[in-house]
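Chemist: Sharing model.txt below, compact mmCIF, C-alpha atoms and all ligand atoms:
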```txt
# COMPACT_ATOMS: atom_id res chain seq x y z
CA MET A 64 14.29 -3.33 -7.62
CA THR A 65 14.71 0.45 -7.40
CA HIS A 66 16.86 2.64 -9.61
CA PRO A 67 17.34 6.42 -9.92
CA PRO A 68 14.69 7.84 -12.26
CA SER A 69 15.72 8.11 -15.91
CA SER A 70 15.57 11.65 -17.20
CA ALA A 71 15.75 12.85 -20.82
CA ASP A 72 17.22 16.13 -19.57
CA PRO A 73 19.18 15.90 -16.30
CA SER A 74 18.44 19.57 -15.58
CA THR A 75 14.70 18.88 -15.31
CA LEU A 76 12.48 17.19 -12.72
CA ARG A 77 9.39 15.80 -14.44
CA VAL A 78 6.43 15.63 -12.08
CA GLY A 79 3.32 13.48 -12.10
CA MET A 80 0.62 14.56 -9.64
CA VAL A 81 -2.11 12.25 -8.32
CA GLY A 82 -5.24 14.17 -7.34
CA HIS A 83 -6.31 17.66 -8.39
CA ALA A 84 -8.66 19.02 -5.71
CA PHE A 85 -7.62 21.58 -3.04
CA MET A 86 -4.13 20.16 -2.44
CA GLY A 87 -3.67 19.48 -6.15
CA ALA A 88 -4.31 23.16 -6.77
CA THR A 89 -1.88 24.34 -4.07
CA HIS A 90 0.83 21.94 -5.26
CA SER A 91 0.30 22.93 -8.91
CA HIS A 92 0.68 26.60 -7.94
CA ALA A 93 3.93 25.71 -6.17
CA TRP A 94 5.42 23.68 -9.06
CA ARG A 95 4.51 26.55 -11.43
CA THR A 96 5.79 29.35 -9.20
CA ALA A 97 8.96 27.99 -7.54
CA PRO A 98 11.27 28.26 -10.60
CA ARG A 99 10.00 31.77 -11.29
CA PHE A 100 11.06 33.17 -7.91
CA PHE A 101 13.91 30.93 -6.79
CA ASP A 102 17.09 29.77 -8.52
CA LEU A 103 16.57 26.00 -8.70
CA PRO A 104 19.20 23.41 -9.70
CA LEU A 105 16.48 21.39 -11.45
CA HIS A 106 13.62 22.86 -13.48
CA PRO A 107 10.25 21.31 -12.48
CA VAL A 108 8.21 20.16 -15.48
CA MET A 109 4.47 19.78 -14.82
CA GLN A 110 4.16 16.64 -16.98
CA VAL A 111 1.04 14.67 -15.93
CA VAL A 112 -1.95 15.15 -13.67
CA CYS A 113 -3.82 11.96 -12.70
CA GLY A 114 -7.48 11.71 -11.74
CA ARG A 115 -10.08 8.94 -11.93
CA ASP A 116 -12.37 10.92 -14.23
CA ALA A 117 -10.80 11.74 -17.61
CA THR A 118 -12.97 14.82 -18.19
CA ARG A 119 -12.21 16.31 -14.78
CA ALA A 120 -8.52 15.46 -15.12
CA GLY A 121 -8.45 17.21 -18.50
CA ALA A 122 -10.10 20.30 -17.06
CA ALA A 123 -7.63 20.27 -14.16
CA ALA A 124 -4.69 19.98 -16.59
CA ASP A 125 -5.94 23.05 -18.47
CA ARG A 126 -6.71 25.02 -15.34
CA LEU A 127 -3.62 24.10 -13.30
CA GLY A 128 -1.03 23.89 -16.10
CA TRP A 129 -0.24 20.20 -16.64
CA SER A 130 0.81 18.87 -20.08
CA GLU A 131 -0.90 15.46 -20.03
CA THR A 132 -3.41 13.43 -18.03
CA GLU A 133 -3.71 9.89 -16.70
CA THR A 134 -6.71 8.18 -15.10
CA ASP A 135 -4.77 5.30 -13.51
CA TRP A 136 -2.02 6.06 -10.98
CA ARG A 137 -0.58 2.57 -11.62
CA GLN A 138 0.19 3.65 -15.20
CA LEU A 139 1.54 7.00 -14.00
CA VAL A 140 4.14 5.53 -11.64
CA GLN A 141 5.52 3.37 -14.46
CA ARG A 142 5.96 6.20 -17.02
CA ASP A 143 9.59 6.83 -17.98
CA ASP A 144 8.84 10.52 -18.63
CA VAL A 145 8.11 11.13 -14.93
CA ASP A 146 10.78 11.47 -12.21
CA LEU A 147 8.66 12.36 -9.16
CA ILE A 148 5.16 11.44 -7.99
CA ASP A 149 3.30 14.10 -6.01
CA ILE A 150 0.47 12.50 -3.98
CA CYS A 151 -2.41 14.92 -3.35
CA THR A 152 -5.20 12.44 -2.62
CA PRO A 153 -6.98 11.37 0.59
CA GLY A 154 -4.95 9.33 3.08
CA ASP A 155 -6.40 5.94 2.16
CA THR A 156 -4.41 6.00 -1.11
CA HIS A 157 -1.08 7.33 0.21
CA ALA A 158 0.57 4.00 1.07
CA GLU A 159 -0.18 2.05 -2.11
CA VAL A 160 0.73 4.93 -4.42
CA ALA A 161 3.90 5.91 -2.54
CA VAL A 162 5.25 2.35 -2.24
CA ALA A 163 4.56 1.61 -5.92
CA ALA A 164 6.17 4.89 -6.99
CA LEU A 165 9.29 4.35 -4.85
CA GLU A 166 9.65 0.78 -6.10
CA ALA A 167 9.38 2.14 -9.67
CA GLY A 168 12.33 4.45 -8.91
CA LYS A 169 10.32 7.68 -8.62
CA HIS A 170 10.92 10.32 -5.96
CA VAL A 171 7.78 10.96 -3.87
CA LEU A 172 6.18 14.00 -2.25
CA CYS A 173 3.19 12.84 -0.18
CA GLU A 174 0.58 15.08 1.46
CA LYS A 175 0.00 14.88 5.20
CA PRO A 176 -0.74 12.99 7.28
CA LEU A 177 1.62 10.38 5.86
CA ALA A 178 -0.96 7.59 6.09
CA ASN A 179 -4.18 6.47 7.78
CA SER A 180 -2.40 4.10 10.17
CA VAL A 181 0.97 3.40 11.76
CA THR A 182 1.15 0.11 9.84
CA GLU A 183 0.78 1.91 6.52
CA ALA A 184 3.25 4.62 7.60
CA GLU A 185 5.79 1.93 8.56
CA ALA A 186 5.46 0.27 5.14
CA MET A 187 5.94 3.64 3.43
CA THR A 188 8.98 4.41 5.57
CA ASP A 189 10.51 1.00 4.85
CA ALA A 190 10.00 1.53 1.10
CA ALA A 191 11.51 5.02 1.36
CA GLU A 192 14.58 3.71 3.20
CA ARG A 193 15.07 0.99 0.57
CA ALA A 194 14.68 3.50 -2.27
CA ALA A 195 17.06 6.02 -0.65
CA ALA A 196 19.85 3.48 -1.06
CA SER A 197 19.45 4.05 -4.81
CA GLY A 198 19.17 7.85 -4.54
CA VAL A 199 15.36 7.89 -4.77
CA MET A 200 13.94 10.22 -2.09
CA ALA A 201 10.62 10.76 -0.32
CA MET A 202 9.20 13.70 1.65
CA VAL A 203 5.92 14.30 3.51
CA GLY A 204 4.19 17.65 3.01
CA PHE A 205 3.98 19.42 6.37
CA THR A 206 4.03 22.83 4.67
CA TYR A 207 3.47 25.11 7.68
CA ARG A 208 7.13 24.51 8.65
CA ARG A 209 7.93 26.64 5.63
CA VAL A 210 6.05 29.75 6.73
CA PRO A 211 8.90 32.21 7.31
CA ALA A 212 7.76 33.08 10.86
CA VAL A 213 7.72 29.38 11.78
CA ALA A 214 11.15 28.80 10.28
CA LEU A 215 12.40 31.85 12.24
CA ALA A 216 10.85 30.43 15.44
CA ARG A 217 12.80 27.22 14.97
CA LYS A 218 16.02 29.17 14.40
CA LEU A 219 15.53 31.26 17.54
CA VAL A 220 14.95 28.12 19.64
CA ALA A 221 17.95 26.38 18.06
CA ASP A 222 20.07 29.50 18.75
CA GLY A 223 19.12 29.20 22.45
CA ARG A 224 17.12 32.44 22.59
CA LEU A 225 14.42 30.73 24.71
CA GLY A 226 16.83 28.67 26.81
CA GLU A 227 15.44 25.33 28.01
CA ILE A 228 11.99 24.63 26.57
CA ARG A 229 9.45 24.09 29.35
CA GLN A 230 5.97 24.27 27.73
CA VAL A 231 4.27 24.21 24.33
CA ARG A 232 0.64 25.08 23.71
CA ALA A 233 -0.69 24.43 20.25
CA GLN A 234 -4.10 24.96 18.74
CA TYR A 235 -5.51 24.34 15.28
CA LEU A 236 -8.99 25.89 15.13
CA GLN A 237 -11.41 25.70 12.22
CA ASP A 238 -15.21 25.95 11.97
CA TRP A 239 -16.14 24.62 8.53
CA ILE A 240 -18.40 21.88 9.90
CA ALA A 241 -19.65 23.59 13.09
CA ASP A 242 -23.00 23.89 11.26
CA PRO A 243 -24.73 20.48 11.53
CA SER A 244 -26.16 21.00 8.03
CA ALA A 245 -22.66 21.01 6.50
CA PRO A 246 -22.68 17.85 4.34
CA LEU A 247 -20.47 14.79 4.52
CA SER A 248 -17.13 14.83 2.68
CA TRP A 249 -14.19 12.44 2.52
CA ARG A 250 -12.60 14.19 5.53
CA LEU A 251 -15.51 12.93 7.67
CA ASP A 252 -15.11 9.28 6.59
CA LYS A 253 -12.65 7.21 8.65
CA LYS A 254 -11.95 4.79 5.76
CA GLN A 255 -10.80 7.62 3.49
CA ALA A 256 -9.32 10.06 6.02
CA GLY A 257 -8.11 7.78 8.82
CA SER A 258 -9.33 10.22 11.47
CA GLY A 259 -10.98 13.62 11.66
CA ALA A 260 -9.54 16.78 13.22
CA LEU A 261 -6.85 14.66 14.88
CA GLY A 262 -5.08 13.59 11.68
CA ASP A 263 -6.18 16.35 9.32
CA ILE A 264 -5.14 19.36 11.44
CA GLY A 265 -3.79 17.81 14.64
CA ALA A 266 -0.96 16.31 12.55
CA HIS A 267 0.12 19.84 11.59
CA ILE A 268 0.46 21.09 15.17
CA VAL A 269 2.26 17.91 16.26
CA ASP A 270 4.77 18.44 13.45
CA LEU A 271 5.06 22.18 14.16
CA ALA A 272 5.63 21.70 17.89
CA GLN A 273 8.36 19.13 17.25
CA PHE A 274 9.89 21.15 14.38
CA ILE A 275 10.12 24.40 16.35
CA THR A 276 11.40 22.82 19.57
CA GLY A 277 13.59 20.15 17.94
CA ASP A 278 12.07 17.81 20.52
CA ARG A 279 9.90 14.69 20.21
CA ILE A 280 6.57 13.88 21.91
CA ALA A 281 7.18 10.76 24.04
CA SER A 282 3.74 10.19 25.58
CA VAL A 283 0.22 11.63 25.40
CA SER A 284 -3.09 11.66 27.25
CA GLY A 285 -5.97 12.57 24.99
CA HIS A 286 -9.65 12.62 24.18
CA LEU A 287 -11.46 12.55 20.84
CA GLN A 288 -15.04 13.80 20.50
CA THR A 289 -17.62 13.67 17.74
CA PHE A 290 -20.37 16.28 18.22
CA VAL A 291 -22.48 15.65 15.10
CA HIS A 292 -22.89 11.96 14.23
CA GLU A 293 -25.15 12.22 11.15
CA ARG A 294 -24.89 14.68 8.27
CA PRO A 295 -26.56 15.36 4.89
CA VAL A 296 -25.00 13.52 1.94
CA ALA A 297 -23.50 16.09 -0.46
CA ALA A 298 -24.91 16.38 -3.96
CA GLU A 299 -22.45 14.87 -6.49
CA SER A 300 -21.16 18.29 -7.58
CA THR A 301 -19.92 19.24 -4.11
CA ALA A 302 -18.54 15.84 -3.06
CA GLY A 303 -14.97 16.17 -1.82
CA THR A 304 -15.24 19.82 -0.87
CA LEU A 305 -14.29 20.95 2.61
CA GLY A 306 -17.87 21.64 3.61
CA GLY A 307 -20.93 23.60 2.39
CA GLY A 308 -22.52 22.92 -0.96
CA GLY A 309 -25.82 21.31 -1.86
CA ALA A 310 -27.27 18.22 -0.16
CA SER A 311 -28.86 15.21 -1.84
CA GLY A 312 -31.67 14.87 0.71
CA GLU A 313 -30.14 11.73 2.23
CA THR A 314 -28.04 11.59 5.43
CA GLY A 315 -25.03 9.46 6.40
CA PRO A 316 -22.81 8.73 9.41
CA VAL A 317 -19.78 10.74 10.51
CA SER A 318 -17.13 8.15 11.42
CA VAL A 319 -14.33 10.45 12.66
CA ASP A 320 -13.60 12.85 15.50
CA ASP A 321 -14.79 16.46 15.27
CA ALA A 322 -12.28 17.60 17.88
CA ALA A 323 -9.17 16.24 19.58
CA VAL A 324 -7.53 17.53 22.78
CA PHE A 325 -4.43 16.04 24.38
CA LEU A 326 -1.61 16.61 26.83
CA ALA A 327 1.90 15.70 25.72
CA SER A 328 5.13 14.93 27.53
CA PHE A 329 8.20 15.60 25.37
CA ALA A 330 11.40 13.54 25.51
CA SER A 331 13.15 16.54 27.12
CA GLY A 332 10.55 16.69 29.90
CA ALA A 333 8.76 19.67 28.38
CA LEU A 334 4.95 19.71 28.67
CA GLY A 335 2.52 20.25 25.79
CA VAL A 336 -1.18 21.08 25.52
CA PHE A 337 -2.77 20.45 22.10
CA GLU A 338 -6.21 21.18 20.64
CA ALA A 339 -7.48 20.50 17.12
CA THR A 340 -11.10 21.25 16.31
CA ARG A 341 -13.41 21.94 13.40
CA PHE A 342 -16.08 23.44 15.72
CA ALA A 343 -14.45 26.70 16.85
CA TYR A 344 -17.03 29.05 15.31
CA GLY A 345 -15.26 32.16 14.01
CA ARG A 346 -11.84 30.53 13.68
CA LYS A 347 -11.20 29.74 10.00
CA ASN A 348 -7.63 28.44 9.94
CA ALA A 349 -6.18 29.54 13.26
CA ILE A 350 -2.92 27.72 13.95
CA ARG A 351 -1.60 29.07 17.24
CA LEU A 352 1.61 28.05 18.95
CA GLU A 353 3.21 29.44 22.09
CA VAL A 354 6.55 28.09 23.34
CA ASN A 355 7.74 28.96 26.85
CA GLY A 356 11.40 28.56 27.74
CA SER A 357 13.72 29.40 30.63
CA LEU A 358 14.86 32.61 28.86
CA GLY A 359 11.66 33.71 27.15
CA SER A 360 8.67 32.84 24.98
CA LEU A 361 7.56 32.96 21.38
CA ALA A 362 4.04 33.03 19.94
CA PHE A 363 2.68 32.51 16.40
CA ASP A 364 -0.85 32.73 14.92
CA PHE A 365 -1.31 31.66 11.29
CA GLU A 366 -4.17 34.14 10.96
CA ASP A 367 -1.40 36.79 11.34
CA MET A 368 1.16 34.64 9.57
CA ASN A 369 3.81 37.29 8.79
CA VAL A 370 4.35 38.04 12.48
CA LEU A 371 6.27 36.24 15.24
CA GLN A 372 5.94 37.46 18.84
CA LEU A 373 9.05 37.16 21.04
CA PHE A 374 9.37 37.80 24.78
CA ASP A 375 12.99 38.06 25.96
CA ALA A 376 13.01 37.37 29.70
CA THR A 377 16.58 38.68 29.98
CA GLU A 378 15.38 42.20 29.11
CA PRO A 379 15.05 44.60 32.05
CA ALA A 380 11.49 44.67 33.45
CA GLU A 381 11.22 48.36 32.51
CA THR A 382 11.16 47.58 28.80
CA ALA A 383 10.26 43.86 28.78
CA GLY A 384 7.27 42.73 26.74
CA PHE A 385 6.30 40.63 23.73
CA ARG A 386 8.03 42.09 20.68
CA ARG A 387 6.11 41.92 17.37
CA ILE A 388 8.62 40.80 14.75
CA LEU A 389 7.38 41.47 11.21
CA VAL A 390 8.94 38.51 9.40
CA THR A 391 9.26 40.18 6.01
CA GLU A 392 12.91 41.18 5.87
CA PRO A 393 15.16 39.66 3.17
CA GLU A 394 17.23 38.20 6.00
CA HIS A 395 14.27 36.07 7.12
CA PRO A 396 13.85 32.50 5.77
CA TYR A 397 12.58 32.38 2.15
CA VAL A 398 11.49 36.08 2.17
CA GLY A 399 14.35 37.45 0.05
CA ALA A 400 12.93 35.81 -3.08
CA TRP A 401 9.66 37.68 -2.83
CA TRP A 402 8.62 41.23 -2.02
CA PRO A 403 10.17 44.23 -0.21
CA ALA A 404 9.86 44.39 3.60
CA GLY A 405 6.33 44.76 4.91
CA HIS A 406 4.49 43.34 1.90
CA GLY A 407 3.93 39.90 3.40
CA LEU A 408 3.33 36.36 2.15
CA GLY A 409 0.34 34.01 2.17
CA TYR A 410 -0.77 30.40 2.66
CA GLU A 411 0.33 29.37 -0.83
CA HIS A 412 3.93 30.57 -0.38
CA ALA A 413 4.69 27.74 2.07
CA PHE A 414 3.86 25.23 -0.69
CA THR A 415 6.28 27.01 -3.03
CA HIS A 416 8.97 26.91 -0.32
CA GLN A 417 8.26 23.18 0.04
CA VAL A 418 9.01 22.67 -3.69
CA VAL A 419 12.17 24.79 -3.42
CA ASP A 420 13.56 22.78 -0.50
CA LEU A 421 12.56 19.46 -2.10
CA VAL A 422 14.16 20.27 -5.47
CA ARG A 423 17.36 21.53 -3.84
CA ALA A 424 17.64 18.40 -1.68
CA LEU A 425 17.06 16.09 -4.67
CA ALA A 426 19.67 17.93 -6.75
CA ALA A 427 22.17 17.62 -3.88
CA GLY A 428 21.36 13.92 -3.39
CA GLU A 429 20.23 14.68 0.17
CA GLN A 430 17.22 13.45 2.16
CA PRO A 431 14.49 16.10 1.98
CA THR A 432 12.77 16.90 5.29
CA PRO A 433 10.36 16.07 6.71
CA SER A 434 11.12 12.50 5.69
CA PHE A 435 8.69 9.59 5.75
CA ALA A 436 10.35 8.58 9.05
CA ASP A 437 9.35 12.00 10.42
CA GLY A 438 5.83 11.41 9.10
CA LEU A 439 5.78 7.98 10.77
CA GLN A 440 6.68 9.54 14.11
CA VAL A 441 3.77 11.98 13.79
CA GLN A 442 1.53 9.02 12.88
CA ARG A 443 2.64 7.29 16.11
CA VAL A 444 1.66 10.35 18.12
CA LEU A 445 -1.78 10.43 16.46
CA ALA A 446 -2.29 6.72 17.11
CA ALA A 447 -1.24 7.15 20.73
CA VAL A 448 -3.82 9.92 21.18
CA GLU A 449 -6.50 7.66 19.68
CA THR A 450 -5.47 4.78 22.00
CA SER A 451 -5.39 7.09 25.02
CA SER A 452 -8.89 8.31 24.20
CA HIS A 453 -10.13 4.71 24.39
CA THR A 454 -8.11 3.63 27.46
CA ARG A 455 -8.38 6.93 29.35
CA GLN A 456 -4.68 6.46 30.19
CA TRP A 457 -1.36 8.02 29.18
CA GLN A 458 0.06 6.30 26.08
CA GLU A 459 3.70 6.09 24.93
CA THR A 460 4.30 7.13 21.31
CA THR A 461 7.40 5.00 20.67
CA ALA A 462 7.35 1.92 18.40
C1 LIG B 501 -8.82 21.06 6.06
O1 LIG B 501 -8.86 20.95 7.38
C2 LIG B 501 -7.48 21.58 5.56
O2 LIG B 501 -7.57 21.71 4.17
C3 LIG B 501 -6.34 20.61 5.87
O3 LIG B 501 -6.57 19.35 5.23
C4 LIG B 501 -5.02 21.20 5.37
O4 LIG B 501 -3.92 20.33 5.68
C5 LIG B 501 -4.80 22.56 6.04
O5 LIG B 501 -3.61 23.16 5.56
C6 LIG B 501 -5.98 23.49 5.77
O6 LIG B 501 -7.23 22.85 6.17
```
Mind turning this structure into structure tokens?
Modeler:
Amino acid sequence: MTHPPSSADPSTLRVGMVGHAFMGATHSHAWRTAPRFFDLPLHPVMQVVCGRDATRAGAAADRLGWSETETDWRQLVQRDDVDLIDICTPGDTHAEVAVAALEAGKHVLCEKPLANSVTEAEAMTDAAERAAASGVMAMVGFTYRRVPAVALARKLVADGRLGEIRQVRAQYLQDWIADPSAPLSWRLDKKQAGSGALGDIGAHIVDLAQFITGDRIASVSGHLQTFVHERPVAAESTAGTLGGGGASGETGPVSVDDAAVFLASFASGALGVFEATRFAYGRKNAIRLEVNGSLGSLAFDFEDMNVLQLFDATEPAETAGFRRILVTEPEHPYVGAWWPAGHGLGYEHAFTHQVVDLVRALAAGEQPTPSFADGLQVQRVLAAVETSSHTRQWQETTA
């Protein structure tokens, strides 16, 4: 049975966060910062941080600004002094925590990708739809949508500035494990992560391509590749880090893809080319999208995240060319809350914008986006790429 969360003070939103590593830190920064820069209808209260190790959870609470700690998420989701559960753990825990939290009447924010399988994502979406009937909401954390230049790109496409969308090319390039001596971490273990580059970073560019175009990927043809099959086992102190750190002297298997490439056919007939890799030496967090339409093109590179490039094909040839839009004006999405024009924003601001949009949707009793159903659709695309890589054939993404 679900019921709207009880709240001692209806003007607050009491948060319990599961996990306190990299995403726990970014989410904590967002919960702390959002009410200080945006007028929010509910004041987030950083109530509880949950981690398996009491000592580490206590240190995280002190460092990240949480009032209390828990070591068992099952206890956390039942607390009546928590209104929302923020899931910042590896994908193998997303489904059980989210379903339990929703059934306990807690709102949920869940990191991406939604789950490690379509089956899990379907169960989460079903639980979210049941809970929504009682005003309990769920959102999946595709934060790059909330980079101002990306939000502007979506607006320009929606306003028809590119005309009919013809092609999308999307890359997510990293290099943190290009060195074969980089040790194992949970992101390289299929049981914990579900997949490698495909789900970890490929999910982001699938969501971004669909978000900016307003279209859906209907079928894919893809290939997954693992380049390094055996890696050093990290020493205890570095376990869970992205890469680097000391090794224990032992080695273990890599059970996920190092790189994923796929073609996509959108429902509209548009064509997509996607690439997600952790082996692009020199590219640290390069998310690159180019959208080509019948009236022009736009291009974005996260490594120059305050800029959107626009080519207006209706402009006379004499002056036509990609225009570099510095997306730092108060008129641009989210920017007005921050700094004067030209000062720019960073990676962490998108997480703050995520909290702002989530809190405003909850206060208005509206479904925050992206919803779990949106996350399920991305999961279906990922699964279709994995299937296509095995069958060497095009694969539909629909249920
Ligand atoms: C590692 O690839 C990672 O931390 C991803 O898991 C995040 O989603 C991305 O934002 C940055 O890189």
Chemist: Identify which of the residues A:Ser130, A:His170, A:Val78, A:Ser284 lies closest to Trp457 of chain A, counting only C-alpha atoms when measuring atom-to-atom distances.
Modeler: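 For Trp457 of chain A, the nearest of the candidates is A:Ser284.
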Chemist: Report the distance between atom CA of Thr314 of chain A and atom CA of Ile240 of chain A in Å, rounded to one decimal place.
Modeler: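 Separation of atom CA of Thr314 of chain A and atom CA of Ile240 of chain A: 14.8 Å.
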Chemist: Compute the set of protein, DNA and RNA residues whose minimum atom distance to ligand LIG 501 (chain B) is at most 7 Å, using all atoms listed in the file, and state it as a ChimeraX atom specification.
Modeler: /A:175,263-264,305,348
Chemist: Quote the spacing between atom CA of Lys218 of chain A and atom CA of Ala281 of chain A in Å to one decimal place.
Modeler: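 Atom CA of Ala281 of chain A lies 22.6 Å from atom CA of Lys218 of chain A.
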Chemist: Would you give me, as a tab-separated table, each residue of segment 112-223 of chain A having an atom within 9 Å of an atom of segment 95-108 of chain A, along with its shortest atom pair and that distance in Å to one decimal, using only C-alpha atoms and sorting by chain and residue number?
Modeler:
```
residue	atom	partner	partner_atom	distance
A:Leu127	CA	A:Arg95	CA	8.7
A:Gly128	CA	A:Arg95	CA	7.7
A:Trp129	CA	A:Val108	CA	8.5
A:Ser130	CA	A:Val108	CA	8.8
```
Chemist: Hey, which of A:Val370, A:Ala298, A:Ala446, A:Ala124 ends up closest to Arg351 of chain A? Count all atoms listed in the file.
Modeler: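 When distances to Arg351 of chain A are compared using all atoms listed in the file, the smallest one comes from A:Val370.
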Chemist: Compare A:Ala343, A:Leu445, A:Asp125, A:Met202 by their minimum atom-to-atom distance to Ala266 of chain A, counting only C-alpha atoms, and give me the closest one.
Modeler: A:Leu445
Chemist: Gly335 of chain A: which residues within 10 Å, counting all atoms listed in the file, same-chain residues fewer than 3 positions away excluded, as a ChimeraX atom specification?
Modeler: /A:229-233,269,272,280,283,325-329,332,353-354
Chemist: Here is a test: counting all atoms listed in the file, which residue of A:Ala427, A:Cys151, A:Ile228, A:Met187 is nearest to Ala164 of chain A?
Modeler: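 For Ala164 of chain A, the nearest of the given residues is A:Met187.
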Chemist: As a list of chain:residue names, please: the residues near segment 285-289 of chain A (cut-off 8 Å, only C-alpha atoms, same-chain neighbours under 4 positions excluded).
Modeler: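 Residues meeting the cut-off are A:Leu261, A:Val319, A:Asp320, A:Asp321, A:Ala322, A:Ala323, A:Val324, A:Phe325, A:Leu326, A:Val448, A:Glu449, A:Ser451, A:Ser452, A:His453, A:Arg455, A:Trp457.
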Chemist: I'd like to know which of A:Val444, A:Ala241, A:Ala178, A:Leu389 is closest to His406 of chain A, using all atoms listed in the file.
Modeler: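 Of the candidates, the smallest distance to His406 of chain A is held by A:Leu389.
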Chemist: May I have the residues at most 7 Å from (8.0, 6.7, 10.5) in the file's coordinates, counting all atoms listed in the file, as a list in words?
Modeler: Ala184, Glu185, Thr188, Phe435, Ala436, Asp437, Gly438, Leu439 and Gln440 of chain A
Chemist: Restricting the calculation to only C-alpha atoms, which member of A:Asp146, A:Asp135, A:Glu183, A:Glu313 is positioned closest to Gly257 of chain A?
Modeler: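 Using only C-alpha atoms, the shortest distance to Gly257 of chain A belongs to A:Glu183.
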Chemist: Just give me the gap between atom CA of Ile350 of chain A and atom CA of Arg423 of chain A in Å, one decimal is fine.
Modeler: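 Computed distance, atom CA of Ile350 of chain A to atom CA of Arg423 of chain A, equals 27.7 Å.
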Chemist: Within 9 Å of Thr415 of chain A, counting only C-alpha atoms, which residues show up once you throw out same-chain ones fewer than 3 positions away? Write them as a PDB file with C-alpha atoms, in the frame of the given file, please.
Modeler:
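Output file result-v6.pdb is given in full below:
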```pdb
ATOM      1  CA  THR A  89      -1.880  24.340  -4.070  1.00  0.00           C
ATOM      2  CA  HIS A  90       0.830  21.940  -5.260  1.00  0.00           C
ATOM      3  CA  HIS A  92       0.680  26.600  -7.940  1.00  0.00           C
ATOM      4  CA  ALA A  93       3.930  25.710  -6.170  1.00  0.00           C
ATOM      5  CA  TRP A  94       5.420  23.680  -9.060  1.00  0.00           C
ATOM      6  CA  ARG A  95       4.510  26.550 -11.430  1.00  0.00           C
ATOM      7  CA  THR A  96       5.790  29.350  -9.200  1.00  0.00           C
ATOM      8  CA  ALA A  97       8.960  27.990  -7.540  1.00  0.00           C
ATOM      9  CA  ARG A 209       7.930  26.640   5.630  1.00  0.00           C
ATOM     10  CA  GLU A 411       0.330  29.370  -0.830  1.00  0.00           C
ATOM     11  CA  HIS A 412       3.930  30.570  -0.380  1.00  0.00           C
ATOM     12  CA  VAL A 418       9.010  22.670  -3.690  1.00  0.00           C
ATOM     13  CA  VAL A 419      12.170  24.790  -3.420  1.00  0.00           C
ATOM     14  CA  ASP A 420      13.560  22.780  -0.500  1.00  0.00           C
TER      15      ASP A 420
END
```
Chemist: I'd like the box whose edges run along x, y and z of the file and which contains every listed atom of segment 80-90 of chain A, padded by 3 Å per side; could you state its centre and edge lengths in Å, one decimal, as AutoDock Vina command-line options?
Modeler:
```
--center_x -3.9 --center_y 18.3 --center_z -6.0 --size_x 15.5 --size_y 18.1 --size_z 13.2
```
Chemist: Which residues are near segment 391-397 of chain A? Cut-off 8 Å, only C-alpha atoms, ignore same chain within fewer than 4 positions. Put them as a list in words.
Modeler: Pro211, Ala212, Ala214, Leu215, Asn369, Trp401, Pro403, Ala404, Gly405, His406, Gly407 and His416 of chain A
Chemist: Extract, using all atoms listed in the file, all DNA, RNA and protein residues at most 10 Å from Met86 of chain A, discarding same-chain residues fewer than 6 positions from it, and format them as an NGL selection string.
Modeler: :A and (92 or 150-153 or 174 or 414)
Chemist: Go ahead and write the residues just picked, C-alpha atoms, as a PDB file, in the frame of the given file.
Modeler:
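For reference, out.pdb as written:
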```
ATOM      1  CA  HIS A  92       0.680  26.600  -7.940  1.00  0.00           C
ATOM      2  CA  ILE A 150       0.470  12.500  -3.980  1.00  0.00           C
ATOM      3  CA  CYS A 151      -2.410  14.920  -3.350  1.00  0.00           C
ATOM      4  CA  THR A 152      -5.200  12.440  -2.620  1.00  0.00           C
ATOM      5  CA  PRO A 153      -6.980  11.370   0.590  1.00  0.00           C
ATOM      6  CA  GLU A 174       0.580  15.080   1.460  1.00  0.00           C
ATOM      7  CA  PHE A 414       3.860  25.230  -0.690  1.00  0.00           C
TER       8      PHE A 414
END
```
